[in-house]
>>> print(open('start02.txt').read())   # compact mmCIF, C-alpha atoms
# COMPACT_ATOMS: atom_id res chain seq x y z
CA MET F 164 -16.35 30.29 -14.36
CA SER F 165 -15.83 30.39 -10.63
CA SER F 166 -13.20 32.82 -9.36
CA LYS F 167 -12.65 30.76 -6.23
CA LEU F 168 -9.82 28.27 -6.42
CA THR F 169 -10.27 24.93 -4.67
CA LEU F 170 -7.36 22.62 -3.87
CA ILE F 171 -8.01 18.96 -3.07
CA GLU F 172 -5.05 17.06 -1.65
CA CYS F 173 -5.40 13.33 -2.39
CA PRO F 174 -3.35 11.12 -0.07
CA ARG F 175 -5.96 8.40 -0.58
CA ASP F 176 -5.10 8.29 -4.27
CA ALA F 177 -1.41 8.32 -3.44
CA MET F 178 -1.71 5.44 -0.99
CA GLN F 179 -4.39 3.17 -2.45
CA GLY F 180 -2.20 1.39 -4.98
CA PHE F 181 1.05 1.48 -3.03
CA PRO F 182 2.35 -2.11 -2.93
CA GLU F 183 3.72 -2.09 0.61
CA TRP F 184 1.39 -1.81 3.59
CA ILE F 185 1.53 1.67 5.11
CA PRO F 186 1.03 1.31 8.88
CA THR F 187 -2.14 2.85 10.24
CA GLU F 188 -0.15 5.01 12.64
CA THR F 189 1.86 6.40 9.73
CA LYS F 190 -1.29 7.24 7.78
CA ILE F 191 -2.74 9.03 10.79
CA ALA F 192 0.41 11.09 11.35
CA TYR F 193 0.68 11.99 7.65
CA LEU F 194 -2.97 12.98 7.31
CA ASN F 195 -2.89 15.05 10.48
CA LEU F 196 0.09 16.92 9.09
CA LEU F 197 -1.75 17.50 5.81
CA LEU F 198 -4.71 18.87 7.77
CA GLU F 199 -2.47 21.62 9.13
CA ILE F 200 -1.47 22.92 5.69
CA GLY F 201 -4.77 24.53 4.77
CA PHE F 202 -6.02 22.62 1.71
CA ASP F 203 -9.71 23.10 0.99
CA THR F 204 -10.38 19.36 0.96
CA LEU F 205 -8.48 16.24 2.00
CA ASP F 206 -9.35 13.10 0.03
CA PHE F 207 -8.29 10.94 2.97
CA GLY F 208 -9.70 7.43 2.50
CA SER F 209 -12.30 5.17 0.98
CA TYR F 210 -15.08 2.85 2.10
CA VAL F 211 -14.60 0.14 -0.49
CA SER F 212 -13.95 -3.59 -0.50
CA PRO F 213 -10.74 -4.41 1.39
CA LYS F 214 -10.21 -7.24 -1.09
CA ALA F 215 -10.19 -4.75 -3.95
CA ILE F 216 -8.18 -2.00 -2.21
CA PRO F 217 -6.47 -3.55 0.83
CA GLN F 218 -4.49 -0.38 1.58
CA MET F 219 -7.74 1.36 2.55
CA LYS F 220 -9.10 -1.26 4.92
CA ASP F 221 -8.21 0.91 7.94
CA THR F 222 -10.04 4.04 6.76
CA GLN F 223 -12.45 4.07 9.70
CA GLU F 224 -9.67 3.56 12.22
CA VAL F 225 -7.68 6.36 10.61
CA LEU F 226 -10.68 8.70 10.59
CA GLU F 227 -11.22 8.30 14.31
CA GLN F 228 -7.71 9.63 15.02
CA LEU F 229 -7.73 12.68 12.74
CA ARG F 230 -7.51 16.17 14.20
CA ILE F 231 -10.36 17.81 12.35
CA ASN F 232 -10.27 21.58 11.84
CA SER F 233 -12.51 24.19 10.29
CA SER F 234 -10.35 25.00 7.25
CA THR F 235 -10.10 21.58 5.57
CA ARG F 236 -13.05 19.31 4.81
CA LEU F 237 -12.74 15.55 4.50
CA LEU F 238 -13.71 13.55 1.42
CA ALA F 239 -14.14 9.77 1.31
CA ILE F 240 -14.57 7.62 -1.78
CA VAL F 241 -17.43 5.10 -1.88
CA ALA F 242 -18.19 2.43 -4.45
CA ASN F 243 -21.42 0.78 -3.26
CA GLU F 244 -24.47 1.19 -1.04
CA ARG F 245 -22.71 -0.11 2.05
CA GLY F 246 -19.93 2.44 1.61
CA VAL F 247 -22.46 5.25 1.26
CA GLU F 248 -24.35 4.16 4.37
CA THR F 249 -21.15 4.04 6.42
CA ALA F 250 -19.66 7.29 5.16
CA VAL F 251 -22.75 9.49 5.58
CA GLN F 252 -22.93 8.57 9.26
CA GLN F 253 -19.43 9.90 9.97
CA ALA F 254 -19.76 13.42 11.36
CA ALA F 255 -16.22 14.38 10.32
CA ILE F 256 -16.79 13.57 6.63
CA HIS F 257 -18.24 16.36 4.49
CA TYR F 258 -17.91 14.95 0.95
CA LEU F 259 -18.68 11.54 -0.52
CA GLY F 260 -17.04 10.82 -3.85
CA TYR F 261 -18.22 8.26 -6.38
CA PRO F 262 -16.29 7.23 -9.52
CA PHE F 263 -18.90 7.25 -12.27
CA SER F 264 -17.27 5.99 -15.44
CA ILE F 265 -18.49 6.84 -18.91
CA SER F 266 -16.67 3.66 -19.97
CA GLU F 267 -18.74 0.52 -19.41
CA THR F 268 -15.58 -1.59 -19.25
CA PHE F 269 -13.97 0.54 -16.58
CA GLN F 270 -17.17 0.94 -14.54
CA GLN F 271 -17.32 -2.85 -14.23
CA ARG F 272 -13.62 -3.08 -13.54
CA ASN F 273 -13.58 -0.32 -10.94
CA THR F 274 -16.86 -0.81 -9.04
CA ASN F 275 -18.08 -4.23 -10.21
CA ARG F 276 -21.30 -2.73 -11.54
CA SER F 277 -22.60 -1.35 -14.83
CA ILE F 278 -23.16 2.28 -15.77
CA ALA F 279 -26.91 1.58 -15.66
CA ASP F 280 -26.58 0.28 -12.10
CA SER F 281 -24.45 3.26 -11.11
CA VAL F 282 -27.21 5.75 -11.89
CA PRO F 283 -29.58 4.61 -9.10
CA LEU F 284 -26.61 4.38 -6.74
CA VAL F 285 -25.82 8.04 -7.43
CA GLU F 286 -29.48 8.91 -6.88
CA ALA F 287 -29.50 7.07 -3.54
CA MET F 288 -26.20 8.70 -2.61
CA LEU F 289 -27.63 12.15 -3.30
CA GLU F 290 -30.64 11.36 -1.11
CA GLN F 291 -28.43 10.16 1.74
CA CYS F 292 -26.14 13.18 1.42
CA ALA F 293 -29.15 15.50 1.65
CA LYS F 294 -30.45 13.63 4.69
CA TYR F 295 -27.13 13.75 6.57
CA GLY F 296 -25.92 17.18 5.44
CA LYS F 297 -23.15 15.93 3.16
CA GLU F 298 -22.15 16.85 -0.39
CA ALA F 299 -21.61 14.46 -3.28
CA VAL F 300 -18.63 14.68 -5.61
CA ILE F 301 -19.05 12.66 -8.79
CA TYR F 302 -15.91 11.77 -10.73
CA LEU F 303 -16.45 11.24 -14.45
CA SER F 304 -13.87 8.49 -14.92
CA MET F 305 -12.35 8.07 -18.40
CA GLY F 306 -13.45 11.64 -19.00
CA PHE F 307 -10.67 12.43 -21.46
CA GLY F 308 -10.48 9.25 -23.49
CA ASN F 309 -10.92 5.50 -23.41
CA PRO F 310 -8.24 2.83 -23.83
CA TYR F 311 -10.83 0.02 -23.73
CA ASN F 312 -12.44 0.78 -27.11
CA ASP F 313 -15.70 1.91 -25.54
CA PRO F 314 -17.36 4.90 -27.26
CA TRP F 315 -15.85 8.24 -26.23
CA ASN F 316 -16.05 11.84 -27.38
CA PRO F 317 -16.54 15.21 -25.62
CA GLU F 318 -20.25 15.09 -26.39
CA ILE F 319 -20.64 11.86 -24.39
CA VAL F 320 -18.91 13.56 -21.45
CA SER F 321 -21.27 16.53 -21.72
CA GLU F 322 -24.33 14.29 -22.00
CA TRP F 323 -23.45 12.42 -18.83
CA ALA F 324 -22.60 15.66 -17.07
CA TYR F 325 -26.04 17.01 -17.98
CA THR F 326 -27.76 13.81 -16.80
CA LEU F 327 -25.99 13.85 -13.43
CA ILE F 328 -26.49 17.58 -12.88
CA GLU F 329 -30.20 17.18 -13.64
CA LYS F 330 -30.31 14.57 -10.87
CA GLY F 331 -28.86 17.07 -8.40
CA VAL F 332 -25.08 16.74 -8.63
CA HIS F 333 -23.36 20.07 -7.85
CA ILE F 334 -19.70 19.01 -8.05
CA LEU F 335 -18.22 17.12 -11.01
CA SER F 336 -14.55 16.21 -11.28
CA ILE F 337 -13.45 15.06 -14.73
CA ALA F 338 -10.91 12.26 -14.31
CA ASP F 339 -8.02 11.39 -16.61
CA THR F 340 -8.01 7.89 -15.16
CA THR F 341 -5.17 6.39 -17.19
CA GLY F 342 -3.25 9.59 -17.89
CA ILE F 343 -3.95 9.66 -21.62
CA ALA F 344 -5.37 13.19 -21.89
CA LYS F 345 -3.60 15.68 -24.10
CA PRO F 346 -3.82 19.43 -23.40
CA GLU F 347 -6.03 20.01 -26.44
CA THR F 348 -8.40 17.27 -25.24
CA ILE F 349 -8.63 18.87 -21.81
CA LEU F 350 -9.57 22.16 -23.42
CA ARG F 351 -12.18 20.49 -25.64
CA VAL F 352 -13.79 18.70 -22.69
CA VAL F 353 -13.56 21.21 -19.84
CA SER F 354 -14.31 24.50 -21.62
CA PRO F 355 -17.87 23.61 -22.72
CA LEU F 356 -18.70 22.09 -19.34
CA ILE F 357 -17.76 25.29 -17.55
CA LEU F 358 -19.60 27.37 -20.16
CA ASN F 359 -22.76 25.26 -20.20
CA PHE F 360 -23.06 24.46 -16.48
CA PRO F 361 -22.21 27.71 -14.65
CA GLY F 362 -23.99 26.61 -11.48
CA THR F 363 -21.89 23.45 -11.17
CA GLU F 364 -18.40 23.23 -9.74
CA ILE F 365 -16.31 21.56 -12.45
CA GLY F 366 -12.93 20.16 -11.43
CA VAL F 367 -10.21 17.95 -12.83
CA HIS F 368 -8.55 14.86 -11.40
CA LEU F 369 -5.64 14.39 -13.76
CA HIS F 370 -3.18 11.51 -13.85
CA SER F 371 0.03 12.01 -15.75
CA GLN F 372 3.64 11.13 -16.29
CA PRO F 373 5.85 13.87 -14.76
CA SER F 374 6.90 15.39 -18.09
CA HIS F 375 3.30 16.21 -19.07
CA ARG F 376 1.91 17.51 -15.78
CA LEU F 377 2.34 21.24 -16.27
CA ASP F 378 0.93 21.17 -19.79
CA LYS F 379 -2.21 19.46 -18.48
CA ILE F 380 -2.57 21.82 -15.52
CA ASN F 381 -2.19 24.81 -17.81
CA ALA F 382 -4.79 23.48 -20.24
CA ALA F 383 -7.33 22.97 -17.45
CA TYR F 384 -6.62 26.40 -16.01
CA GLU F 385 -6.95 28.07 -19.41
CA ALA F 386 -10.24 26.22 -19.89
CA GLY F 387 -11.52 27.96 -16.78
CA CYS F 388 -11.10 25.15 -14.25
CA ARG F 389 -10.49 26.32 -10.70
CA ARG F 390 -10.84 23.01 -8.87
CA PHE F 391 -7.74 20.82 -8.88
CA ASP F 392 -6.93 17.43 -7.34
CA SER F 393 -3.27 16.66 -6.65
CA ALA F 394 -0.99 14.62 -4.41
CA ILE F 395 2.32 15.56 -2.86
CA LEU F 396 5.17 14.18 -5.01
CA GLY F 397 2.65 13.17 -7.68
CA VAL F 398 2.47 9.67 -6.22
CA GLY F 399 -0.40 7.34 -7.05
CA GLY F 400 -2.98 6.66 -9.70
CA CYS F 401 -5.83 4.22 -10.09
CA PRO F 402 -4.84 0.60 -9.35
CA MET F 403 -7.96 -0.65 -11.11
CA ALA F 404 -7.01 0.99 -14.40
CA GLU F 405 -3.71 -0.66 -15.25
CA ASP F 406 -0.82 -2.57 -13.75
CA LYS F 407 1.52 0.41 -13.53
CA LEU F 408 0.26 3.48 -11.67
CA THR F 409 0.42 6.56 -13.88
CA GLY F 410 0.85 9.15 -11.14
CA ASN F 411 -1.09 12.17 -9.92
CA MET F 412 -0.57 15.86 -10.39
CA ASP F 413 2.28 16.96 -8.12
CA THR F 414 0.99 19.36 -5.46
CA GLY F 415 4.30 21.24 -5.43
CA GLU F 416 4.18 21.80 -9.18
CA LEU F 417 0.53 22.85 -8.97
CA ILE F 418 1.27 25.35 -6.20
CA ALA F 419 4.19 26.83 -8.16
CA PHE F 420 2.03 27.09 -11.30
CA LEU F 421 -0.80 28.86 -9.49
CA GLU F 422 1.53 31.28 -7.75
CA GLN F 423 3.05 32.17 -11.13
CA LYS F 424 -0.49 32.98 -12.25
CA GLY F 425 -0.76 35.41 -9.33
CA VAL F 426 -3.09 33.23 -7.27
CA THR F 427 -2.82 33.79 -3.52
CA LEU F 428 -2.81 30.48 -1.65
CA ASN F 429 -3.40 30.49 2.08
CA LEU F 430 -1.22 27.47 2.78
CA ASP F 431 1.25 26.85 5.58
CA LYS F 432 4.41 26.38 3.51
CA GLU F 433 6.47 25.09 6.44
CA LYS F 434 3.93 22.34 7.11
CA TRP F 435 3.79 21.60 3.38
CA LEU F 436 7.58 21.15 3.24
CA GLU F 437 7.39 18.95 6.33
CA ALA F 438 4.67 16.86 4.67
CA THR F 439 6.75 16.58 1.50
CA MET F 440 9.67 15.17 3.49
CA MET F 441 7.36 12.74 5.25
CA ALA F 442 5.88 11.66 1.90
CA GLN F 443 9.38 10.98 0.58
CA HIS F 444 9.95 8.72 3.58
CA ILE F 445 6.59 6.93 3.22
CA PHE F 446 6.74 6.32 -0.50
CA ASN F 447 10.51 5.85 -0.70
CA GLY F 448 11.02 7.14 -4.19
CA ALA F 449 7.77 5.67 -5.61
CA HIS F 450 7.16 8.89 -7.54
>>> encode(input="start02.txt", output="structure tokens")
Amino acid sequence: MSSKLTLIECPRDAMQGFPEWIPTETKIAYLNLLLEIGFDTLDFGSYVSPKAIPQMKDTQEVLEQLRINSSTRLLAIVANERGVETAVQQAAIHYLGYPFSISETFQQRNTNRSIADSVPLVEAMLEQCAKYGKEAVIYLSMGFGNPYNDPWNPEIVSEWAYTLIEKGVHILSIADTTGIAKPETILRVVSPLILNFPGTEIGVHLHSQPSHRLDKINAAYEAGCRRFDSAILGVGGCPMAEDKLTGNMDTGELIAFLEQKGVTLNLDKEKWLEATMMAQHIFNGAH
């Protein structure tokens, strides 16, 4: 288990399914404010089909206006070869994230390709990341259950984790894509991964209704997880998973939880409060 705690703020996940167009200038201002807070990583945008995720069609334009600093690294989501090729050539981007689903149904639904076709894409992505000095983050989508009746159990999660780690993946984030994970499931999935793959950074990307957030965070923390994705106000979710967005972990609740555990967070609280107020304005009660 790593003693280092890593916080990933996910405005991309908050914005991607928002029904009203968020002006590019607003995204730039919000992301630049988030960059001042001191998160380890900012999941800022995605290089995916604008037809599939129209809210992210201005990712490159947004990137070019961000005030990059040394404390927060940028992560961009990719879903195909073209996205990988574009993202690796951006000097400001450090991480490329790919949603690798252990559900065949959701892999097709989310990236328009099969699990079998995703494996060589991950391999090519790892090669490109090595060539350009980037790091790959692989999200194991549907990592805590499957609403599509595809096979699922913790052993399947571990098997895919082993396969991907053998191919050179160093960061895995287990995703509760539709928010169905229960605390006991999180423990059953995350604990053995951390035990069996000590050289791999294992994180969680949990979606949840507000009433269940803290129970899920606590389960992941007790399982040994020290890498957490969240979004201010808990806004967002995966628009490819269902019609109604489930919601993310709330950054404010996560911060409060970690501080209660005695974790020291080097965050600018004034900037965080400012960002929270701006998020309330942007999302207008969407959380």
>>> closest_residue(input="start02.txt", among="F:Met441, F:Met412, F:Val282, F:Cys173", to="Thr189 (chain F)", atoms="all atoms listed in the file")
F:Met441
>>> atom_distance(input="start02.txt", atom1="CA of Tyr302 (chain F)", atom2="CA of Asn273 (chain F)")
12.3 Å
>>> atom_distance(input="start02.txt", atom1="CA of Ala344 (chain F)", atom2="CA of Asn316 (chain F)")
12.1 Å
>>> closest_residue(input="start02.txt", among="F:Glu364, F:Asp431, F:Glu385, F:Glu437", to="Glu199 (chain F)", atoms="only C-alpha atoms")
F:Asp431
>>> residues_around(input="start02.txt", residues="Val332 (chain F)", least_positions_apart="6", cutoff="10 Å", atoms="all atoms listed in the file", output="PDB file with C-alpha atoms, in the frame of the given file")
ATOM      1  CA  VAL F 285     -25.820   8.040  -7.430  1.00  0.00           C
ATOM      2  CA  GLU F 286     -29.480   8.910  -6.880  1.00  0.00           C
ATOM      3  CA  LEU F 289     -27.630  12.150  -3.300  1.00  0.00           C
ATOM      4  CA  GLU F 298     -22.150  16.850  -0.390  1.00  0.00           C
ATOM      5  CA  ALA F 299     -21.610  14.460  -3.280  1.00  0.00           C
ATOM      6  CA  VAL F 300     -18.630  14.680  -5.610  1.00  0.00           C
ATOM      7  CA  ILE F 301     -19.050  12.660  -8.790  1.00  0.00           C
ATOM      8  CA  ALA F 324     -22.600  15.660 -17.070  1.00  0.00           C
ATOM      9  CA  TYR F 325     -26.040  17.010 -17.980  1.00  0.00           C
ATOM     10  CA  THR F 326     -27.760  13.810 -16.800  1.00  0.00           C
ATOM     11  CA  THR F 363     -21.890  23.450 -11.170  1.00  0.00           C
ATOM     12  CA  GLU F 364     -18.400  23.230  -9.740  1.00  0.00           C
TER      13      GLU F 364
END
>>> closest_residue(input="start02.txt", among="F:Gly246, F:Gly425, F:Pro182, F:Gly397", to="Ser212 (chain F)", atoms="all atoms listed in the file")
F:Gly246
>>> residues_around(input="start02.txt", residues="Phe420 (chain F)", least_positions_apart="4", cutoff="10 Å", atoms="only C-alpha atoms", output="JSON list (two decimals) with C-alpha atoms, in the coordinates of the input")
[["chain", "number", "residue", "atom", "x", "y", "z"],
["F", 377, "LEU", "CA", 2.34, 21.24, -16.27],
["F", 380, "ILE", "CA", -2.57, 21.82, -15.52],
["F", 381, "ASN", "CA", -2.19, 24.81, -17.81],
["F", 384, "TYR", "CA", -6.62, 26.40, -16.01],
["F", 414, "THR", "CA", 0.99, 19.36, -5.46],
["F", 415, "GLY", "CA", 4.30, 21.24, -5.43],
["F", 416, "GLU", "CA", 4.18, 21.80, -9.18],
["F", 424, "LYS", "CA", -0.49, 32.98, -12.25],
["F", 425, "GLY", "CA", -0.76, 35.41, -9.33],
["F", 426, "VAL", "CA", -3.09, 33.23, -7.27]]
>>> residues_around(input="start02.txt", residues="Ile265 (chain F)", least_positions_apart="3", cutoff="7 Å", atoms="all atoms listed in the file", output="MDAnalysis selection string")
chainID F and resid 303:306
>>> atom_distance(input="start02.txt", atom1="CA of Glu290 (chain F)", atom2="CA of Ser264 (chain F)")
20.3 Å
>>> residues_near_point(input="start02.txt", point="(-7.0, 11.7, 10.1)", cutoff="10 Å", atoms="all atoms listed in the file", output="PyMOL selection string")
chain F and resi 188+190-198+205+207-208+222-231+237+255
>>> residues_near_point(input="start02.txt", point="(-14.5, -4.9, -5.6)", cutoff="6 Å", atoms="only C-alpha atoms", output="ChimeraX atom specification")
/F:212,215,274-275
>>> residues_around(input="start02.txt", residues="Phe391 (chain F)", least_positions_apart="5", cutoff="12 Å", atoms="only C-alpha atoms", output="PDB file with C-alpha atoms, in the frame of the given file")
ATOM      1  CA  LYS F 167     -12.650  30.760  -6.230  1.00  0.00           C
ATOM      2  CA  LEU F 168      -9.820  28.270  -6.420  1.00  0.00           C
ATOM      3  CA  THR F 169     -10.270  24.930  -4.670  1.00  0.00           C
ATOM      4  CA  LEU F 170      -7.360  22.620  -3.870  1.00  0.00           C
ATOM      5  CA  ILE F 171      -8.010  18.960  -3.070  1.00  0.00           C
ATOM      6  CA  GLU F 172      -5.050  17.060  -1.650  1.00  0.00           C
ATOM      7  CA  CYS F 173      -5.400  13.330  -2.390  1.00  0.00           C
ATOM      8  CA  PHE F 202      -6.020  22.620   1.710  1.00  0.00           C
ATOM      9  CA  ASP F 203      -9.710  23.100   0.990  1.00  0.00           C
ATOM     10  CA  THR F 204     -10.380  19.360   0.960  1.00  0.00           C
ATOM     11  CA  LEU F 205      -8.480  16.240   2.000  1.00  0.00           C
ATOM     12  CA  ASP F 206      -9.350  13.100   0.030  1.00  0.00           C
ATOM     13  CA  LEU F 335     -18.220  17.120 -11.010  1.00  0.00           C
ATOM     14  CA  SER F 336     -14.550  16.210 -11.280  1.00  0.00           C
ATOM     15  CA  ILE F 337     -13.450  15.060 -14.730  1.00  0.00           C
ATOM     16  CA  ALA F 338     -10.910  12.260 -14.310  1.00  0.00           C
ATOM     17  CA  GLU F 364     -18.400  23.230  -9.740  1.00  0.00           C
ATOM     18  CA  ILE F 365     -16.310  21.560 -12.450  1.00  0.00           C
ATOM     19  CA  GLY F 366     -12.930  20.160 -11.430  1.00  0.00           C
ATOM     20  CA  VAL F 367     -10.210  17.950 -12.830  1.00  0.00           C
ATOM     21  CA  HIS F 368      -8.550  14.860 -11.400  1.00  0.00           C
ATOM     22  CA  LEU F 369      -5.640  14.390 -13.760  1.00  0.00           C
ATOM     23  CA  HIS F 370      -3.180  11.510 -13.850  1.00  0.00           C
ATOM     24  CA  LYS F 379      -2.210  19.460 -18.480  1.00  0.00           C
ATOM     25  CA  ILE F 380      -2.570  21.820 -15.520  1.00  0.00           C
ATOM     26  CA  ASN F 381      -2.190  24.810 -17.810  1.00  0.00           C
ATOM     27  CA  ALA F 383      -7.330  22.970 -17.450  1.00  0.00           C
ATOM     28  CA  TYR F 384      -6.620  26.400 -16.010  1.00  0.00           C
ATOM     29  CA  ASN F 411      -1.090  12.170  -9.920  1.00  0.00           C
ATOM     30  CA  MET F 412      -0.570  15.860 -10.390  1.00  0.00           C
ATOM     31  CA  ASP F 413       2.280  16.960  -8.120  1.00  0.00           C
ATOM     32  CA  THR F 414       0.990  19.360  -5.460  1.00  0.00           C
ATOM     33  CA  GLU F 416       4.180  21.800  -9.180  1.00  0.00           C
ATOM     34  CA  LEU F 417       0.530  22.850  -8.970  1.00  0.00           C
ATOM     35  CA  ILE F 418       1.270  25.350  -6.200  1.00  0.00           C
ATOM     36  CA  PHE F 420       2.030  27.090 -11.300  1.00  0.00           C
ATOM     37  CA  LEU F 421      -0.800  28.860  -9.490  1.00  0.00           C
TER      38      LEU F 421
END
>>> residues_around(input="start02.txt", residues="Gly410 (chain F)", least_positions_apart="4", cutoff="10 Å", atoms="all atoms listed in the file", output="number ranges by chain")
F: 176-177, 340-342, 369-373, 376, 393-394, 396-401, 449-450
>>> closest_residue(input="start02.txt", among="F:Val353, F:Met178, F:Ile319, F:Ala419", to="Ala382 (chain F)", atoms="all atoms listed in the file")
F:Val353
>>> decode(input="start02.txt", residues="region 235-243 of chain F", atoms="all heavy atoms", output="PDB file, in the first residue's frame")
ATOM      1  N   THR F 235       0.565  20.609 -10.411  1.00  0.00           N
ATOM      2  CA  THR F 235      -0.579  19.836 -10.899  1.00  0.00           C
ATOM      3  C   THR F 235      -0.322  19.366 -12.325  1.00  0.00           C
ATOM      4  O   THR F 235      -0.033  20.171 -13.208  1.00  0.00           O
ATOM      5  CB  THR F 235      -1.869  20.672 -10.865  1.00  0.00           C
ATOM      6  OG1 THR F 235      -2.119  21.088  -9.521  1.00  0.00           O
ATOM      7  CG2 THR F 235      -3.059  19.863 -11.365  1.00  0.00           C
ATOM      8  N   ARG F 236      -0.450  18.068 -12.548  1.00  0.00           N
ATOM      9  CA  ARG F 236      -0.246  17.500 -13.880  1.00  0.00           C
ATOM     10  C   ARG F 236      -1.587  17.301 -14.572  1.00  0.00           C
ATOM     11  O   ARG F 236      -2.588  16.987 -13.932  1.00  0.00           O
ATOM     12  CB  ARG F 236       0.506  16.173 -13.781  1.00  0.00           C
ATOM     13  CG  ARG F 236       1.954  16.344 -13.365  1.00  0.00           C
ATOM     14  CD  ARG F 236       2.651  15.019 -13.173  1.00  0.00           C
ATOM     15  NE  ARG F 236       4.104  15.174 -13.159  1.00  0.00           N
ATOM     16  CZ  ARG F 236       4.964  14.191 -12.949  1.00  0.00           C
ATOM     17  NH1 ARG F 236       4.505  12.960 -12.741  1.00  0.00           N
ATOM     18  NH2 ARG F 236       6.263  14.411 -12.964  1.00  0.00           N
ATOM     19  N   LEU F 237      -1.586  17.453 -15.884  1.00  0.00           N
ATOM     20  CA  LEU F 237      -2.816  17.340 -16.665  1.00  0.00           C
ATOM     21  C   LEU F 237      -3.024  15.920 -17.179  1.00  0.00           C
ATOM     22  O   LEU F 237      -2.083  15.246 -17.612  1.00  0.00           O
ATOM     23  CB  LEU F 237      -2.780  18.294 -17.856  1.00  0.00           C
ATOM     24  CG  LEU F 237      -2.744  19.789 -17.546  1.00  0.00           C
ATOM     25  CD1 LEU F 237      -2.773  20.584 -18.846  1.00  0.00           C
ATOM     26  CD2 LEU F 237      -3.889  20.210 -16.642  1.00  0.00           C
ATOM     27  N   LEU F 238      -4.289  15.496 -17.143  1.00  0.00           N
ATOM     28  CA  LEU F 238      -4.693  14.202 -17.683  1.00  0.00           C
ATOM     29  C   LEU F 238      -5.785  14.422 -18.724  1.00  0.00           C
ATOM     30  O   LEU F 238      -6.713  15.199 -18.495  1.00  0.00           O
ATOM     31  CB  LEU F 238      -5.210  13.301 -16.561  1.00  0.00           C
ATOM     32  CG  LEU F 238      -5.657  11.875 -16.925  1.00  0.00           C
ATOM     33  CD1 LEU F 238      -5.455  10.942 -15.736  1.00  0.00           C
ATOM     34  CD2 LEU F 238      -7.121  11.799 -17.368  1.00  0.00           C
ATOM     35  N   ALA F 239      -5.649  13.744 -19.853  1.00  0.00           N
ATOM     36  CA  ALA F 239      -6.677  13.788 -20.897  1.00  0.00           C
ATOM     37  C   ALA F 239      -7.139  12.368 -21.203  1.00  0.00           C
ATOM     38  O   ALA F 239      -6.329  11.437 -21.271  1.00  0.00           O
ATOM     39  CB  ALA F 239      -6.144  14.445 -22.171  1.00  0.00           C
ATOM     40  N   ILE F 240      -8.439  12.226 -21.414  1.00  0.00           N
ATOM     41  CA  ILE F 240      -9.012  10.932 -21.778  1.00  0.00           C
ATOM     42  C   ILE F 240      -8.943  10.755 -23.288  1.00  0.00           C
ATOM     43  O   ILE F 240      -9.198  11.698 -24.053  1.00  0.00           O
ATOM     44  CB  ILE F 240     -10.470  10.830 -21.304  1.00  0.00           C
ATOM     45  CG1 ILE F 240     -10.549  10.931 -19.783  1.00  0.00           C
ATOM     46  CG2 ILE F 240     -11.124   9.529 -21.792  1.00  0.00           C
ATOM     47  CD1 ILE F 240      -9.856   9.808 -19.037  1.00  0.00           C
ATOM     48  N   VAL F 241      -8.619   9.541 -23.721  1.00  0.00           N
ATOM     49  CA  VAL F 241      -8.609   9.202 -25.147  1.00  0.00           C
ATOM     50  C   VAL F 241      -9.432   7.938 -25.331  1.00  0.00           C
ATOM     51  O   VAL F 241      -9.586   7.144 -24.404  1.00  0.00           O
ATOM     52  CB  VAL F 241      -7.176   9.006 -25.676  1.00  0.00           C
ATOM     53  CG1 VAL F 241      -6.374  10.295 -25.583  1.00  0.00           C
ATOM     54  CG2 VAL F 241      -6.467   7.881 -24.910  1.00  0.00           C
ATOM     55  N   ALA F 242      -9.961   7.755 -26.540  1.00  0.00           N
ATOM     56  CA  ALA F 242     -10.805   6.584 -26.785  1.00  0.00           C
ATOM     57  C   ALA F 242     -10.436   5.849 -28.071  1.00  0.00           C
ATOM     58  O   ALA F 242     -11.025   4.821 -28.378  1.00  0.00           O
ATOM     59  CB  ALA F 242     -12.281   6.991 -26.832  1.00  0.00           C
ATOM     60  N   ASN F 243      -9.457   6.383 -28.826  1.00  0.00           N
ATOM     61  CA  ASN F 243      -9.060   5.728 -30.073  1.00  0.00           C
ATOM     62  C   ASN F 243      -7.646   6.159 -30.445  1.00  0.00           C
ATOM     63  O   ASN F 243      -7.014   6.974 -29.751  1.00  0.00           O
ATOM     64  CB  ASN F 243     -10.048   6.067 -31.203  1.00  0.00           C
ATOM     65  CG  ASN F 243     -10.265   7.561 -31.352  1.00  0.00           C
ATOM     66  OD1 ASN F 243      -9.330   8.356 -31.225  1.00  0.00           O
ATOM     67  ND2 ASN F 243     -11.506   7.968 -31.612  1.00  0.00           N
TER      68      ASN F 243
END
